file final.cif (mmCIF, C-alpha atoms)
data_target
loop_
_atom_site.group_PDB
_atom_site.id
_atom_site.type_symbol
_atom_site.label_atom_id
_atom_site.label_comp_id
_atom_site.auth_asym_id
_atom_site.auth_seq_id
_atom_site.Cartn_x
_atom_site.Cartn_y
_atom_site.Cartn_z
ATOM 1 C CA MET A 195 -158.729 68.493 83.974
ATOM 2 C CA ASN A 196 -155.534 69.806 85.593
ATOM 3 C CA LEU A 197 -153.583 66.913 84.069
ATOM 4 C CA PHE A 198 -155.035 67.708 80.639
ATOM 5 C CA ARG A 199 -154.057 71.378 80.973
ATOM 6 C CA ARG A 200 -150.528 70.456 82.016
ATOM 7 C CA LEU A 201 -150.167 68.105 79.047
ATOM 8 C CA THR A 202 -151.480 70.818 76.724
ATOM 9 C CA ILE A 203 -148.784 73.173 77.994
ATOM 10 C CA LEU A 204 -146.079 70.495 78.104
ATOM 11 C CA ILE A 205 -146.446 69.265 74.501
ATOM 12 C CA PRO A 206 -145.309 72.558 72.843
ATOM 13 C CA TYR A 207 -142.338 72.741 75.211
ATOM 14 C CA LEU A 208 -141.354 69.164 74.364
ATOM 15 C CA TRP A 209 -141.662 70.026 70.677
ATOM 16 C CA LEU A 210 -139.380 73.048 71.083
ATOM 17 C CA LEU A 211 -136.951 70.971 73.160
ATOM 18 C CA ALA A 212 -136.688 68.246 70.520
ATOM 19 C CA LEU A 213 -136.636 70.411 67.384
ATOM 20 C CA PHE A 214 -134.932 73.596 68.566
ATOM 21 C CA LEU A 215 -133.022 73.390 71.827
ATOM 22 C CA LEU A 216 -131.318 70.010 71.283
ATOM 23 C CA PRO A 217 -130.199 70.794 67.688
ATOM 24 C CA PHE A 218 -129.020 74.204 68.890
ATOM 25 C CA LEU A 219 -126.929 72.607 71.648
ATOM 26 C CA ILE A 220 -125.452 70.099 69.189
ATOM 27 C CA VAL A 221 -124.464 72.853 66.743
ATOM 28 C CA PHE A 222 -123.103 74.985 69.597
ATOM 29 C CA ARG A 223 -121.028 72.050 70.867
ATOM 30 C CA ILE A 224 -119.587 71.506 67.351
ATOM 31 C CA SER A 225 -118.757 75.222 67.108
ATOM 32 C CA LEU A 226 -116.471 74.824 70.142
ATOM 33 C CA SER A 227 -114.537 71.948 68.545
ATOM 34 C CA GLU A 228 -111.566 71.768 66.192
ATOM 35 C CA PRO A 229 -111.642 70.495 62.579
ATOM 36 C CA VAL A 230 -109.933 67.181 61.795
ATOM 37 C CA LEU A 231 -109.688 64.846 58.809
ATOM 38 C CA ALA A 232 -112.170 62.282 60.051
ATOM 39 C CA MET A 233 -115.860 61.485 60.091
ATOM 40 C CA PRO A 234 -117.367 63.450 61.685
ATOM 41 C CA PRO A 235 -114.729 66.085 60.860
ATOM 42 C CA TYR A 236 -114.299 67.602 64.322
ATOM 43 C CA MET A 237 -112.774 66.786 67.686
ATOM 44 C CA PRO A 238 -113.223 66.012 70.513
ATOM 45 C CA GLN A 239 -115.814 63.236 70.327
ATOM 46 C CA PHE A 240 -117.853 62.553 73.450
ATOM 47 C CA ASP A 241 -118.308 58.911 74.332
ATOM 48 C CA LEU A 242 -119.906 58.261 77.706
ATOM 49 C CA SER A 243 -118.666 54.667 77.648
ATOM 50 C CA GLU A 244 -115.104 55.943 78.196
ATOM 51 C CA GLY A 245 -115.999 57.154 81.661
ATOM 52 C CA TRP A 246 -116.433 60.451 83.480
ATOM 53 C CA ALA A 247 -112.715 61.313 83.442
ATOM 54 C CA ALA A 248 -112.543 61.076 79.644
ATOM 55 C CA PHE A 249 -115.714 63.144 79.376
ATOM 56 C CA ARG A 250 -114.213 65.931 81.511
ATOM 57 C CA GLU A 251 -110.991 65.817 79.513
ATOM 58 C CA ASN A 252 -112.893 66.184 76.229
ATOM 59 C CA LEU A 253 -114.953 68.959 77.757
ATOM 60 C CA SER A 254 -111.803 70.866 78.654
ATOM 61 C CA GLN A 255 -110.712 70.788 74.996
ATOM 62 C CA LEU A 256 -113.656 72.906 73.885
ATOM 63 C CA SER A 257 -112.888 76.569 73.237
ATOM 64 C CA PHE A 258 -114.293 79.742 71.695
ATOM 65 C CA ALA A 259 -111.388 80.045 69.271
ATOM 66 C CA ASN A 260 -113.685 79.750 66.243
ATOM 67 C CA TYR A 261 -115.766 82.712 67.410
ATOM 68 C CA VAL A 262 -112.648 84.798 67.983
ATOM 69 C CA TRP A 263 -111.384 83.880 64.533
ATOM 70 C CA LEU A 264 -114.690 84.919 62.931
ATOM 71 C CA THR A 265 -114.420 88.385 64.482
ATOM 72 C CA GLU A 266 -110.903 88.766 63.098
ATOM 73 C CA ASP A 267 -111.641 87.572 59.546
ATOM 74 C CA ALA A 268 -112.960 90.354 57.295
ATOM 75 C CA LEU A 269 -114.700 87.864 54.990
ATOM 76 C CA TYR A 270 -117.224 86.824 57.616
ATOM 77 C CA ARG A 271 -117.765 90.350 58.921
ATOM 78 C CA ASN A 272 -118.454 91.561 55.392
ATOM 79 C CA ALA A 273 -120.757 88.590 54.775
ATOM 80 C CA TYR A 274 -122.827 89.407 57.871
ATOM 81 C CA PHE A 275 -123.041 93.117 57.053
ATOM 82 C CA SER A 276 -123.844 92.414 53.398
ATOM 83 C CA SER A 277 -126.574 89.942 54.374
ATOM 84 C CA LEU A 278 -128.132 92.423 56.791
ATOM 85 C CA ARG A 279 -127.967 95.201 54.195
ATOM 86 C CA ILE A 280 -129.524 93.101 51.421
ATOM 87 C CA ALA A 281 -132.213 91.771 53.768
ATOM 88 C CA PHE A 282 -133.017 95.282 55.045
ATOM 89 C CA ILE A 283 -133.322 96.800 51.558
ATOM 90 C CA SER A 284 -135.348 93.817 50.359
ATOM 91 C CA THR A 285 -137.695 94.199 53.329
ATOM 92 C CA LEU A 286 -138.259 97.883 52.541
ATOM 93 C CA LEU A 287 -138.938 97.095 48.877
ATOM 94 C CA THR A 288 -141.316 94.294 49.840
ATOM 95 C CA LEU A 289 -143.138 96.634 52.229
ATOM 96 C CA ALA A 290 -143.417 99.337 49.543
ATOM 97 C CA ILE A 291 -145.034 96.829 47.168
ATOM 98 C CA GLY A 292 -146.913 94.717 49.703
ATOM 99 C CA PHE A 293 -148.687 97.459 51.653
ATOM 100 C CA PRO A 294 -150.621 98.877 48.666
ATOM 101 C CA LEU A 295 -151.547 95.328 47.636
ATOM 102 C CA ALA A 296 -152.800 94.471 51.128
ATOM 103 C CA TYR A 297 -154.668 97.787 51.379
ATOM 104 C CA GLY A 298 -156.333 97.233 48.025
ATOM 105 C CA MET A 299 -157.353 93.705 49.037
ATOM 106 C CA ALA A 300 -158.774 94.935 52.342
ATOM 107 C CA ARG A 301 -160.837 97.669 50.622
ATOM 108 C CA ALA A 302 -162.049 95.396 47.807
ATOM 109 C CA PRO A 303 -165.640 94.084 47.834
ATOM 110 C CA GLU A 304 -166.083 91.143 50.176
ATOM 111 C CA ASN A 305 -166.956 88.726 47.373
ATOM 112 C CA LEU A 306 -163.604 89.489 45.657
ATOM 113 C CA ARG A 307 -161.381 89.157 48.715
ATOM 114 C CA PRO A 308 -161.152 85.332 48.677
ATOM 115 C CA ILE A 309 -160.119 85.425 45.016
ATOM 116 C CA LEU A 310 -157.467 88.075 45.652
ATOM 117 C CA LEU A 311 -156.224 86.133 48.673
ATOM 118 C CA MET A 312 -155.933 82.983 46.577
ATOM 119 C CA LEU A 313 -153.934 84.866 43.942
ATOM 120 C CA VAL A 314 -151.470 85.987 46.637
ATOM 121 C CA ILE A 315 -150.876 82.454 47.934
ATOM 122 C CA LEU A 316 -151.001 80.860 44.461
ATOM 123 C CA PRO A 317 -147.167 80.930 43.999
ATOM 124 C CA PHE A 318 -146.839 78.615 47.020
ATOM 125 C CA TRP A 319 -148.420 75.869 44.921
ATOM 126 C CA THR A 320 -145.255 75.794 42.829
ATOM 127 C CA SER A 321 -141.833 74.713 44.020
ATOM 128 C CA PHE A 322 -139.713 77.568 45.390
ATOM 129 C CA LEU A 323 -136.692 76.327 43.420
ATOM 130 C CA ILE A 324 -138.636 76.249 40.136
ATOM 131 C CA ARG A 325 -139.876 79.809 40.705
ATOM 132 C CA VAL A 326 -136.320 81.049 41.257
ATOM 133 C CA TYR A 327 -135.115 79.190 38.174
ATOM 134 C CA ALA A 328 -137.891 80.888 36.180
ATOM 135 C CA TRP A 329 -136.336 84.266 36.972
ATOM 136 C CA ILE A 330 -133.134 83.129 35.265
ATOM 137 C CA GLY A 331 -135.079 82.787 32.019
ATOM 138 C CA ILE A 332 -136.618 86.219 32.568
ATOM 139 C CA LEU A 333 -133.509 88.178 33.575
ATOM 140 C CA LYS A 334 -130.746 86.674 31.434
ATOM 141 C CA PRO A 335 -129.433 88.826 28.520
ATOM 142 C CA GLU A 336 -131.496 86.920 25.947
ATOM 143 C CA GLY A 337 -134.390 86.488 28.387
ATOM 144 C CA LEU A 338 -137.990 87.625 28.248
ATOM 145 C CA LEU A 339 -137.434 90.982 29.978
ATOM 146 C CA ASN A 340 -134.658 92.157 27.672
ATOM 147 C CA GLN A 341 -136.501 90.909 24.595
ATOM 148 C CA PHE A 342 -139.638 92.769 25.659
ATOM 149 C CA LEU A 343 -137.768 96.022 26.363
ATOM 150 C CA MET A 344 -135.945 95.812 23.027
ATOM 151 C CA TRP A 345 -139.247 95.118 21.260
ATOM 152 C CA LEU A 346 -140.688 98.277 22.832
ATOM 153 C CA GLY A 347 -137.628 100.226 21.665
ATOM 154 C CA LEU A 348 -136.699 101.284 25.204
ATOM 155 C CA ILE A 349 -133.202 99.768 24.968
ATOM 156 C CA ASP A 350 -130.840 98.911 22.122
ATOM 157 C CA ASP A 351 -128.614 96.403 23.933
ATOM 158 C CA PRO A 352 -129.612 93.803 26.547
ATOM 159 C CA LEU A 353 -129.376 94.898 30.170
ATOM 160 C CA THR A 354 -127.092 93.014 32.545
ATOM 161 C CA ILE A 355 -129.433 92.069 35.376
ATOM 162 C CA LEU A 356 -128.748 88.395 36.030
ATOM 163 C CA ASN A 357 -125.826 87.607 38.365
ATOM 164 C CA THR A 358 -126.045 91.013 40.047
ATOM 165 C CA ASN A 359 -127.394 92.267 43.360
ATOM 166 C CA THR A 360 -130.377 93.695 41.469
ATOM 167 C CA ALA A 361 -131.410 90.165 40.497
ATOM 168 C CA VAL A 362 -131.050 89.093 44.139
ATOM 169 C CA PHE A 363 -133.365 91.919 45.253
ATOM 170 C CA ILE A 364 -135.899 90.955 42.590
ATOM 171 C CA GLY A 365 -135.790 87.299 43.637
ATOM 172 C CA ILE A 366 -136.168 88.030 47.350
ATOM 173 C CA VAL A 367 -138.991 90.545 46.876
ATOM 174 C CA TYR A 368 -140.879 88.189 44.570
ATOM 175 C CA SER A 369 -140.381 85.126 46.776
ATOM 176 C CA TYR A 370 -141.271 86.728 50.107
ATOM 177 C CA LEU A 371 -143.950 89.194 48.992
ATOM 178 C CA PRO A 372 -146.840 86.990 50.268
ATOM 179 C CA PHE A 373 -145.252 86.951 53.732
ATOM 180 C CA MET A 374 -145.578 90.743 53.772
ATOM 181 C CA VAL A 375 -149.030 90.994 52.217
ATOM 182 C CA LEU A 376 -150.836 88.418 54.359
ATOM 183 C CA PRO A 377 -150.203 89.839 57.873
ATOM 184 C CA ILE A 378 -150.866 93.412 56.712
ATOM 185 C CA TYR A 379 -154.061 92.300 55.014
ATOM 186 C CA ALA A 380 -155.167 90.457 58.157
ATOM 187 C CA THR A 381 -154.719 93.690 60.142
ATOM 188 C CA LEU A 382 -156.356 96.032 57.638
ATOM 189 C CA GLU A 383 -159.254 93.679 56.930
ATOM 190 C CA LYS A 384 -160.391 93.919 60.573
ATOM 191 C CA MET A 385 -160.005 97.704 60.752
ATOM 192 C CA ASP A 386 -163.045 99.913 61.278
ATOM 193 C CA TYR A 387 -162.881 102.343 58.349
ATOM 194 C CA SER A 388 -165.444 104.609 59.976
ATOM 195 C CA LEU A 389 -162.468 105.907 61.980
ATOM 196 C CA VAL A 390 -160.983 107.280 58.761
ATOM 197 C CA GLU A 391 -164.258 109.006 57.924
ATOM 198 C CA ALA A 392 -164.389 110.447 61.443
ATOM 199 C CA ALA A 393 -160.846 111.795 61.087
ATOM 200 C CA GLN A 394 -161.754 113.487 57.799
ATOM 201 C CA ASP A 395 -164.893 114.972 59.366
ATOM 202 C CA LEU A 396 -162.679 116.444 62.084
ATOM 203 C CA GLY A 397 -160.524 118.268 59.530
ATOM 204 C CA CYS A 398 -157.897 115.709 58.414
ATOM 205 C CA THR A 399 -157.056 115.474 54.754
ATOM 206 C CA ALA A 400 -157.354 112.100 53.059
ATOM 207 C CA LEU A 401 -153.576 111.632 53.257
ATOM 208 C CA GLY A 402 -153.462 112.802 56.876
ATOM 209 C CA ALA A 403 -156.272 110.443 57.876
ATOM 210 C CA PHE A 404 -154.502 107.579 56.115
ATOM 211 C CA TRP A 405 -151.235 108.300 57.935
ATOM 212 C CA LYS A 406 -152.715 108.970 61.374
ATOM 213 C CA VAL A 407 -155.355 106.222 61.378
ATOM 214 C CA THR A 408 -154.812 103.491 58.776
ATOM 215 C CA ALA A 409 -151.022 103.356 58.877
ATOM 216 C CA ARG A 410 -150.851 103.395 62.674
ATOM 217 C CA LEU A 411 -153.481 100.687 63.072
ATOM 218 C CA ALA A 412 -151.579 98.572 60.545
ATOM 219 C CA VAL A 413 -148.317 98.738 62.540
ATOM 220 C CA PRO A 414 -148.705 95.215 64.079
ATOM 221 C CA GLY A 415 -149.199 93.702 60.621
ATOM 222 C CA ILE A 416 -146.325 95.728 59.173
ATOM 223 C CA ALA A 417 -144.002 94.639 61.981
ATOM 224 C CA ALA A 418 -144.996 90.983 61.589
ATOM 225 C CA GLY A 419 -144.559 91.145 57.812
ATOM 226 C CA CYS A 420 -141.137 92.811 58.095
ATOM 227 C CA LEU A 421 -139.941 90.102 60.475
ATOM 228 C CA LEU A 422 -141.307 87.330 58.242
ATOM 229 C CA VAL A 423 -139.348 88.777 55.307
ATOM 230 C CA PHE A 424 -136.196 90.026 57.012
ATOM 231 C CA ILE A 425 -135.392 86.911 59.058
ATOM 232 C CA PRO A 426 -135.326 84.337 56.210
ATOM 233 C CA ALA A 427 -133.798 86.864 53.791
ATOM 234 C CA VAL A 428 -130.703 87.264 56.016
ATOM 235 C CA GLY A 429 -129.859 83.566 55.755
ATOM 236 C CA GLU A 430 -131.051 83.107 52.163
ATOM 237 C CA PHE A 431 -128.882 80.771 50.074
ATOM 238 C CA VAL A 432 -130.809 79.648 46.978
ATOM 239 C CA ILE A 433 -131.615 83.108 45.574
ATOM 240 C CA PRO A 434 -128.090 84.618 45.824
ATOM 241 C CA ASP A 435 -126.578 81.361 44.574
ATOM 242 C CA LEU A 436 -128.768 81.192 41.453
ATOM 243 C CA LEU A 437 -129.403 84.862 40.699
ATOM 244 C CA GLY A 438 -126.408 86.584 42.309
ATOM 245 C CA GLY A 439 -122.918 87.043 40.972
ATOM 246 C CA SER A 440 -119.439 86.489 42.319
ATOM 247 C CA ASP A 441 -119.604 89.793 44.197
ATOM 248 C CA THR A 442 -122.861 88.861 45.960
ATOM 249 C CA LEU A 443 -121.683 88.092 49.472
ATOM 250 C CA MET A 444 -124.267 86.608 51.837
ATOM 251 C CA ILE A 445 -123.772 84.586 54.971
ATOM 252 C CA GLY A 446 -125.956 81.697 53.786
ATOM 253 C CA ARG A 447 -123.659 81.161 50.832
ATOM 254 C CA THR A 448 -120.575 81.404 53.053
ATOM 255 C CA LEU A 449 -122.084 78.895 55.466
ATOM 256 C CA TRP A 450 -122.684 76.400 52.661
ATOM 257 C CA VAL A 451 -119.094 76.758 51.438
ATOM 258 C CA GLU A 452 -117.707 76.090 54.917
ATOM 259 C CA PHE A 453 -119.847 72.986 55.407
ATOM 260 C CA PHE A 454 -119.605 71.296 52.010
ATOM 261 C CA ASN A 455 -116.510 72.685 50.267
ATOM 262 C CA ASN A 456 -114.096 73.310 53.139
ATOM 263 C CA ARG A 457 -115.675 70.670 55.427
ATOM 264 C CA ASP A 458 -114.936 72.953 58.356
ATOM 265 C CA TRP A 459 -117.909 72.036 60.522
ATOM 266 C CA PRO A 460 -116.766 73.904 63.662
ATOM 267 C CA VAL A 461 -116.388 77.254 61.861
ATOM 268 C CA ALA A 462 -119.621 76.712 59.935
ATOM 269 C CA SER A 463 -121.420 75.941 63.207
ATOM 270 C CA ALA A 464 -120.024 79.118 64.773
ATOM 271 C CA VAL A 465 -121.255 81.091 61.746
ATOM 272 C CA ALA A 466 -124.708 79.539 62.178
ATOM 273 C CA ILE A 467 -124.825 80.315 65.918
ATOM 274 C CA ILE A 468 -123.920 83.983 65.354
ATOM 275 C CA LEU A 469 -126.518 84.191 62.567
ATOM 276 C CA LEU A 470 -129.139 82.736 64.904
ATOM 277 C CA ILE A 471 -128.295 85.312 67.566
ATOM 278 C CA LEU A 472 -128.592 88.113 65.008
ATOM 279 C CA LEU A 473 -132.037 86.849 64.023
ATOM 280 C CA VAL A 474 -133.275 86.349 67.585
ATOM 281 C CA VAL A 475 -132.542 89.976 68.547
ATOM 282 C CA PRO A 476 -135.258 91.550 66.322
ATOM 283 C CA ILE A 477 -137.780 88.961 67.511
ATOM 284 C CA VAL A 478 -137.067 89.776 71.163
ATOM 285 C CA LEU A 479 -137.288 93.515 70.472
ATOM 286 C CA PHE A 480 -140.596 93.009 68.658
ATOM 287 C CA GLN A 481 -142.032 90.962 71.521
ATOM 288 C CA ASN A 482 -140.950 93.577 74.076
ATOM 289 C CA ALA A 483 -142.528 96.335 71.979
ATOM 290 C CA GLN A 484 -145.737 94.318 71.712
ATOM 291 C CA ALA A 485 -145.805 93.739 75.469
ATOM 292 C CA ARG A 486 -145.273 97.459 76.175
ATOM 293 C CA ALA A 487 -148.017 98.367 73.709
ATOM 294 C CA GLN A 488 -150.452 95.984 75.389
ATOM 295 C CA GLU A 489 -149.613 97.385 78.824
ATOM 296 C CA THR A 490 -150.117 100.929 77.545
ATOM 297 C CA GLY A 491 -153.447 99.941 75.997
ATOM 298 C CA ARG A 492 -154.673 98.701 79.334
#

call {"tool": "encode", "arguments": {"input": "final.cif", "output": "structure tokens"}}
result
Amino acid sequence: MNLFRRLTILIPYLWLLALFLLPFLIVFRISLSEPVLAMPPYMPQFDLSEGWAAFRENLSQLSFANYVWLTEDALYRNAYFSSLRIAFISTLLTLAIGFPLAYGMARAPENLRPILLMLVILPFWTSFLIRVYAWIGILKPEGLLNQFLMWLGLIDDPLTILNTNTAVFIGIVYSYLPFMVLPIYATLEKMDYSLVEAAQDLGCTALGAFWKVTARLAVPGIAAGCLLVFIPAVGEFVIPDLLGGSDTLMIGRTLWVEFFNNRDWPVASAVAIILLILLVVPIVLFQNAQARAQETGR
């Protein structure tokens, strides 16, 4: 039994070692290298057959020059800040739309909840790339949205939405909305709504009871949903590439350019490492907040 328990614990760690830690170390090692015209396009190359002396010599050639260069180049700083800003605004918009949806699903009759839940996850049955391409047909000047607004008489000339940051926000909110709705719904669906009635009996208004009871009990789901939206939105590449314009600066796009256009693997790896660190910070803060909340609850 002890051996079985140890294997049960060991398997997830081996999985993380093989699929996270080792790739991370490989990318980090490339980020300390220098670009060259070769394949692979970086130096030094480590070959254990050359002996320990050659290994130490190659190790001494590694440096943090790429990281220093990234801090000095305004392009990458602006790309990071722009990505964080777009991801933050998109997360707020997704929360503003997703919370009422999740609340309505949680308060719906029990026989309707499975249907509503299926409708939320239904977009996942279609390719993500096809769904983003569909927005091009909706948002372009001669697209469905402009034609509909002109038919209603609300506008005389087509609106310029495609290839702007507005289109990027629309694409991110649409694509990641289920990631916000599902964790909030899971929290609200288990909530005891007699607490809201008790708060109203004690003198709270309907809005006050909602804010003091429902919203506070939904905080774990809101936090989980915000992380599930914010983290992938920071490194998003497909949506800004297809829906954004030339002034849409996001780090995922910059990373792709460095890898495939400039073939500068060391700089691209450094960009990826910094992006990973930026994404790990909110996760660590969330876990610490969860741990403190559990200790306080005890």

call {"tool": "closest_residue", "arguments": {"input": "final.cif", "among": "A:Pro206, A:Thr360, A:Pro217, A:Arg457", "to": "A:Gly439", "atoms": "all atoms listed in the file"}}
result
A:Thr360

call {"tool": "residues_near_point", "arguments": {"input": "final.cif", "point": "(-113.0, 82.9, 63.3)", "cutoff": "12 Å", "atoms": "only C-alpha atoms", "output": "list in words"}}
result
Ser225, Leu226, Glu228, Ser257, Phe258, Ala259, Asn260, Tyr261, Val262, Trp263, Leu264, Thr265, Glu266, Asp267, Ala268, Leu269, Tyr270, Arg271, Glu452, Asp458, Pro460, Val461, Ala462, Ser463, Ala464, Val465 and Ile468 of chain A

call {"tool": "write_last_selection", "arguments": {"input": "final.cif", "atoms": "C-alpha atoms", "output": "CSV table (one decimal), keeping the file's coordinate frame"}}
result
chain,number,residue,atom,x,y,z
A,225,SER,CA,-118.8,75.2,67.1
A,226,LEU,CA,-116.5,74.8,70.1
A,228,GLU,CA,-111.6,71.8,66.2
A,257,SER,CA,-112.9,76.6,73.2
A,258,PHE,CA,-114.3,79.7,71.7
A,259,ALA,CA,-111.4,80.0,69.3
A,260,ASN,CA,-113.7,79.8,66.2
A,261,TYR,CA,-115.8,82.7,67.4
A,262,VAL,CA,-112.6,84.8,68.0
A,263,TRP,CA,-111.4,83.9,64.5
A,264,LEU,CA,-114.7,84.9,62.9
A,265,THR,CA,-114.4,88.4,64.5
A,266,GLU,CA,-110.9,88.8,63.1
A,267,ASP,CA,-111.6,87.6,59.5
A,268,ALA,CA,-113.0,90.4,57.3
A,269,LEU,CA,-114.7,87.9,55.0
A,270,TYR,CA,-117.2,86.8,57.6
A,271,ARG,CA,-117.8,90.4,58.9
A,452,GLU,CA,-117.7,76.1,54.9
A,458,ASP,CA,-114.9,73.0,58.4
A,460,PRO,CA,-116.8,73.9,63.7
A,461,VAL,CA,-116.4,77.3,61.9
A,462,ALA,CA,-119.6,76.7,59.9
A,463,SER,CA,-121.4,75.9,63.2
A,464,ALA,CA,-120.0,79.1,64.8
A,465,VAL,CA,-121.3,81.1,61.7
A,468,ILE,CA,-123.9,84.0,65.4

call {"tool": "closest_residue", "arguments": {"input": "final.cif", "among": "A:Val478, A:Ala212, A:Leu436, A:Ile445", "to": "A:Asn359", "atoms": "all atoms listed in the file"}}
result
A:Leu436

call {"tool": "residues_near_point", "arguments": {"input": "final.cif", "point": "(-147.0, 94.0, 50.1)", "cutoff": "9 Å", "atoms": "all atoms listed in the file", "output": "PDB file with C-alpha atoms, keeping the file's coordinate frame"}}
result
ATOM      1  CA  LEU A 287    -138.938  97.095  48.877  1.00  0.00           C
ATOM      2  CA  THR A 288    -141.316  94.294  49.840  1.00  0.00           C
ATOM      3  CA  LEU A 289    -143.138  96.634  52.229  1.00  0.00           C
ATOM      4  CA  ALA A 290    -143.417  99.337  49.543  1.00  0.00           C
ATOM      5  CA  ILE A 291    -145.034  96.829  47.168  1.00  0.00           C
ATOM      6  CA  GLY A 292    -146.913  94.717  49.703  1.00  0.00           C
ATOM      7  CA  PHE A 293    -148.687  97.459  51.653  1.00  0.00           C
ATOM      8  CA  PRO A 294    -150.621  98.877  48.666  1.00  0.00           C
ATOM      9  CA  LEU A 295    -151.547  95.328  47.636  1.00  0.00           C
ATOM     10  CA  ALA A 296    -152.800  94.471  51.128  1.00  0.00           C
ATOM     11  CA  TYR A 297    -154.668  97.787  51.379  1.00  0.00           C
ATOM     12  CA  LEU A 371    -143.950  89.194  48.992  1.00  0.00           C
ATOM     13  CA  PRO A 372    -146.840  86.990  50.268  1.00  0.00           C
ATOM     14  CA  PHE A 373    -145.252  86.951  53.732  1.00  0.00           C
ATOM     15  CA  MET A 374    -145.578  90.743  53.772  1.00  0.00           C
ATOM     16  CA  VAL A 375    -149.030  90.994  52.217  1.00  0.00           C
ATOM     17  CA  LEU A 376    -150.836  88.418  54.359  1.00  0.00           C
ATOM     18  CA  ILE A 378    -150.866  93.412  56.712  1.00  0.00           C
ATOM     19  CA  TYR A 379    -154.061  92.300  55.014  1.00  0.00           C
ATOM     20  CA  GLY A 419    -144.559  91.145  57.812  1.00  0.00           C
TER      21      GLY A 419
END

call {"tool": "atom_distance", "arguments": {"input": "final.cif", "atom1": "atom CA of A:Ser388", "atom2": "atom CA of A:Val407"}}
result
10.3 Å

call {"tool": "closest_residue", "arguments": {"input": "final.cif", "among": "A:Pro426, A:Gly402, A:Gly415, A:Pro308", "to": "A:Lys384", "atoms": "only C-alpha atoms"}}
result
A:Gly415

call {"tool": "atom_distance", "arguments": {"input": "final.cif", "atom1": "atom CA of A:Leu411", "atom2": "atom CA of A:Ile425"}}
result
23.1 Å

call {"tool": "residues_around", "arguments": {"input": "final.cif", "residues": "A:Ala393", "least_positions_apart": "5", "cutoff": "12 Å", "atoms": "all atoms listed in the file", "output": "PyMOL selection string"}}
result
chain A and resi 387-388+398-408

call {"tool": "resolve_selection", "arguments": {"input": "final.cif", "expression": "the PyMOL selection byres ((chain A and resi 326) around 12)", "output": "VMD selection string"}}
result
chain A and resid 317 320 to 325 327 to 333 356 361 to 370 431 to 438

call {"tool": "atom_distance", "arguments": {"input": "final.cif", "atom1": "atom CA of A:Ile220", "atom2": "atom CA of A:Ser277"}}
result
24.8 Å

call {"tool": "closest_residue", "arguments": {"input": "final.cif", "among": "A:Arg301, A:Gly446, A:Thr358, A:Pro352", "to": "A:Thr381", "atoms": "all atoms listed in the file"}}
result
A:Arg301

call {"tool": "residues_around", "arguments": {"input": "final.cif", "residues": "A:Val230", "least_positions_apart": "3", "cutoff": "12 Å", "atoms": "all atoms listed in the file", "output": "PyMOL selection string"}}
result
chain A and resi 224+227+233-239+456-461

call {"tool": "closest_residue", "arguments": {"input": "final.cif", "among": "A:Ile467, A:Leu201, A:Pro377, A:Gly298", "to": "A:Val221", "atoms": "all atoms listed in the file"}}
result
A:Ile467

call {"tool": "resolve_selection", "arguments": {"input": "final.cif", "expression": "the PyMOL selection byres ((chain A and resi 279) around 12)", "output": "ChimeraX atom specification"}}
result
/A:272-278,280-286,359,363,424,427-429,442-445

call {"tool": "build_atoms", "arguments": {"input": "final.cif", "residues": "stretch 322-332 of chain A", "atoms": "N, CA and C atoms", "output": "PDB file, keeping the file's coordinate frame"}}
result
ATOM      1  N   PHE A 322    -140.509  76.347  45.223  1.00  0.00           N
ATOM      2  CA  PHE A 322    -139.713  77.568  45.390  1.00  0.00           C
ATOM      3  C   PHE A 322    -138.520  77.566  44.439  1.00  0.00           C
ATOM      4  N   LEU A 323    -137.868  76.418  44.285  1.00  0.00           N
ATOM      5  CA  LEU A 323    -136.692  76.327  43.420  1.00  0.00           C
ATOM      6  C   LEU A 323    -137.060  76.574  41.962  1.00  0.00           C
ATOM      7  N   ILE A 324    -138.208  76.047  41.523  1.00  0.00           N
ATOM      8  CA  ILE A 324    -138.636  76.249  40.136  1.00  0.00           C
ATOM      9  C   ILE A 324    -138.942  77.720  39.884  1.00  0.00           C
ATOM     10  N   ARG A 325    -139.549  78.391  40.878  1.00  0.00           N
ATOM     11  CA  ARG A 325    -139.876  79.809  40.705  1.00  0.00           C
ATOM     12  C   ARG A 325    -138.617  80.658  40.599  1.00  0.00           C
ATOM     13  N   VAL A 326    -137.580  80.306  41.349  1.00  0.00           N
ATOM     14  CA  VAL A 326    -136.320  81.049  41.257  1.00  0.00           C
ATOM     15  C   VAL A 326    -135.642  80.774  39.922  1.00  0.00           C
ATOM     16  N   TYR A 327    -135.682  79.513  39.481  1.00  0.00           N
ATOM     17  CA  TYR A 327    -135.115  79.190  38.174  1.00  0.00           C
ATOM     18  C   TYR A 327    -135.833  79.944  37.055  1.00  0.00           C
ATOM     19  N   ALA A 328    -137.136  80.173  37.207  1.00  0.00           N
ATOM     20  CA  ALA A 328    -137.891  80.888  36.180  1.00  0.00           C
ATOM     21  C   ALA A 328    -137.362  82.297  35.990  1.00  0.00           C
ATOM     22  N   TRP A 329    -136.874  82.911  37.076  1.00  0.00           N
ATOM     23  CA  TRP A 329    -136.336  84.266  36.972  1.00  0.00           C
ATOM     24  C   TRP A 329    -135.038  84.297  36.165  1.00  0.00           C
ATOM     25  N   ILE A 330    -134.330  83.175  36.110  1.00  0.00           N
ATOM     26  CA  ILE A 330    -133.134  83.129  35.265  1.00  0.00           C
ATOM     27  C   ILE A 330    -133.527  83.313  33.808  1.00  0.00           C
ATOM     28  N   GLY A 331    -134.608  82.635  33.389  1.00  0.00           N
ATOM     29  CA  GLY A 331    -135.079  82.787  32.019  1.00  0.00           C
ATOM     30  C   GLY A 331    -135.635  84.172  31.732  1.00  0.00           C
ATOM     31  N   ILE A 332    -136.078  84.872  32.762  1.00  0.00           N
ATOM     32  CA  ILE A 332    -136.618  86.219  32.568  1.00  0.00           C
ATOM     33  C   ILE A 332    -135.513  87.266  32.521  1.00  0.00           C
TER      34      ILE A 332
END
